[in-house]
Amino acid sequence: MAKTVTALKSETAHFIIGLFCVIFGVYLVLAFCSFFFTGGNDQSILDHPNHGELLSTNNHIQNYAGAKGAQAAEFLINDCFGIPAFLIIVFLVIAGMKLMKAYNFNLTRWFLGCMVTMIWCSVTLAFIFGKTFSDSFIYPGGLHGYNSCLWIQSQIGAPGLILLLITTAVLFSIALSKKTIFVVRKALHPSLKKNKEEVTQKEERAFTPYNAQPEMTAQAEAADESEEDSEPAPAIELPVSASPEEKEQPLEIEPAAEEDFAETDYATEGNAEGDEENGGEEEEDADKGEEKEPVFEVSSETKEEDKEYRGKIDQPYNPRLDLEYYQFPTIDLLHNDFDDNTPTIDMEEQTANKDRIIKVLRSFGIEISSIKASVGPTVTLYEITPAEGVRISKIRNLEDDIALSLSALGIRIIAPIPGKGTIGIEVPNANPRIVHMRSILMSKKFQETTFDLPVAFGKTITNEVFMVDLAKAPHMLVAGATGQGKSVGLNTIVTSLLYKKHPSELKFVIIDPKKVEFAVYAPIERHYLAKLPDAEDAIITDTSKVVQTLNSLCVEMDTRYGLLRDAGCRNIKEYNKKFINRQLNPENGHHFLPYIVVIIDEFGDLIMTAGKEVELPICRIAQLARAVGIHAIIATQRPTTNIITGTIKANFPARVAFRVASMMDSRTILDRPGAQQLIGKGDMLYLQGNDPVRVQCAFVDTPEVEDIVAYISRQQGYPTAFMLPEVDENSGSSSSSEVDMNKLDPLFEEAARLLIYHQQGSTSLIQRKFSIGYNRAGRIMDQLEHAGIVGPTNGSKARDVLCVDENDLQMRMSNLKN
Ligand SMILES: Nc1ncnc2c1ncn2[C@@H]1O[C@H](COP(=O)(O)OP(=O)(O)OP(=O)(O)O)[C@@H](O)[C@H]1O
């Protein structure tokens, strides 16, 4: 029985049932359509069939769907709901599509929508056509409609029925769309028309995430459409689908957003008092709407200055409003095929292992006073307390002998277990268990985490969920021989971040020289990936582009440092907090900073091909980028000292080691042996600080990652990927270069005009207005200082602008030219 239930729950079963629903729906369409032409003829046979006639091959039924089709159509149309019975088919197909996971419909809403519409239409059609079709074989409203109509009329009369139908229709439309209220008002008071339409348009714009319509790419529009697809049919208009009551709220919507909604709705509803008042409220509405406009500067192409910031000072800024309807991937995208709770080791195996350990130790003259076992997913830890006087080093040297006696690979001795005063012997289980990502992500620890960049790795030897905060790590080195679980480990890292961070809060830079490992993430380019402005693909597979990307990241890092310095903040968290609290003025170049996670796979190959060129920017990022929210994860199959150099090691404090070939490799990664004794398949050691922790990495399969990515990519994203700053290949850093007034920057004059206009000598202002890197903006500023247009640096404040107006500037420019 239990097995049958599990089987029914499985994805294949869902798919098959879904397919069956769709096919059955198609069959019913055929039967229903045919019914209109053949129903009259078939009815006499269906009403009074001779014994066994319908089952016989010669039954004279003309319906294209045969006797069963004719019966179904006769029953559902005539005996039940009339022509609106087609909605049963609509729901059947919708449910089928959902079960097949082709579309993500909200079944409850579709069910209610179809049901209410069907009943309403059935009564209405019966009321309108009851008499006209009395002699026909078809009842447009079906028996249900006919009987209901008769009964209601007997109670409240025909006018009462009409009023009831109108009321229910209006209520249902309001439930679908707030716009109905406006339509009704307009019908009652036509002079409201013009003003209200404007408001509605404003609301539409305000509700449209990413208001930069002209920049909305075809892709983004397609994403919109697919988003609408996934909503019930009635939600066709944008404001309807955008209404908060209509949409399922994103997982962690900020309170500010909800307040905004509430107020907007209230304002839309509560203004029946007069035109003047309406006008006032409308303006307020529009303001509120505009507050929802995105301020996220994803692209150097996004130059619409007036769209950047119009937030109200008294409400916290909510970065998630950029994509306010974004929904986090759901847990059911991860399969439930593995039962994490089945014991991996039985008592018999445990006792046998204990006995063997005691025996082998005794044979070397070591007595122990106690032994206890902690069963992990793949390994069991036997903790022994040696009798007094036993030297620990003696036990440590017996590693191979214990392994031999237990005839097991991957035995590791931890002598002593830190902080416990016991000695640990890790013995692999005969039947290791897969730790599935689903169970980790569903764990309370992950759900309730307050980490900035939570990475759920898997389970420890004591079956606890093991998580680290990448923001604190702050950079990670992942190594392991081929086929030991490195790629799965990297997917685990990305997946856990995708389940916790909104696209406005996190961007990935992915460098994948192998070209295949990370290709799966390409569809979420406009949500989560960052790229160079001139790059075609966000996932970098071309080694020649790697150096450019890393240099660009260094520029981004410098830019962020500039912003932090201007804001007087020590790190990205403080900075973003200030920005959210509206303490930083976007007019001065401030914007919400998403975390950037740089993942470099096959780092060994990169070093082999590009050498120092790659190593230098990586080390720079690793040394400095932590405070500005840029975190690097580098992975390699070749943990040798010429690849993982001393500098790299010094800057990547968090190390993840999967099984490696030799003790030397283990030493290179972890500075100690141990990784060579792991058993593979995601068995890993995580080191940060003193002692490595043995963890069974969670398993996430490629199809699951594909499903997650598809789920995200179906939703509306930004118009483009997050644009990394351009890198001026020819220039060195601004600090080292001399100010060369003979070679003025092409943007020099425009930048001067900008600063004069704002009367504010801010490098980040130049940088933001012209979408250029910090270095170039800094150089322009140096030239402006040299030309006497701005004053010298002024601590954390903007420089003084010494040039008062355009005339003044013209004079200085002609002086410069002469
Ligand atoms: N955490 C895990 N749990 C269970 N099995 C795993 C786990 N990680 C990896 N495996 C198994 O090991 C196989 C190889 O894993 P993976 O592709 O991650 O290796 P790899 O180290 O990235 O190899 P390569 O370096 O060649 O790409 C997987 O197909 C899977 O069967």
# chains A, B, ... in the order shown; residues from 1 in each chain; ligands from 1
call {"tool": "residues_near_ligand", "arguments": {"ligand": "ligand 1", "cutoff": "9 Å", "atoms": "only C-alpha atoms and all ligand atoms", "output": "number ranges by chain"}}
result
A: 432-437, 457-458, 479-492, 514, 517, 602, 636-637, 658-659, 680-684, 696-701
call {"tool": "select_by_dssp", "arguments": {"residues": "segment 643-710 of chain A", "states": "helix (DSSP H, G or I)", "output": "number ranges by chain"}}
result
A: 646-651, 663-670, 675-677, 702-710
call {"tool": "residues_around", "arguments": {"residues": "segment 780-784 of chain A", "least_positions_apart": "3", "cutoff": "7 Å", "atoms": "only C-alpha atoms", "output": "PyMOL selection string"}}
result
chain A and resi 739+741+745+748+752+763+776-777+787-790
call {"tool": "closest_residue", "arguments": {"among": "A:Gly18, A:Gly365, A:Pro692, A:Gly69", "to": "Ala31 of chain A", "atoms": "only C-alpha atoms"}}
result
A:Gly69
call {"tool": "closest_residue", "arguments": {"among": "A:Ala632, A:Val494, A:Ile417, A:Val390", "to": "Pro474 of chain A", "atoms": "only C-alpha atoms"}}
result
A:Ala632
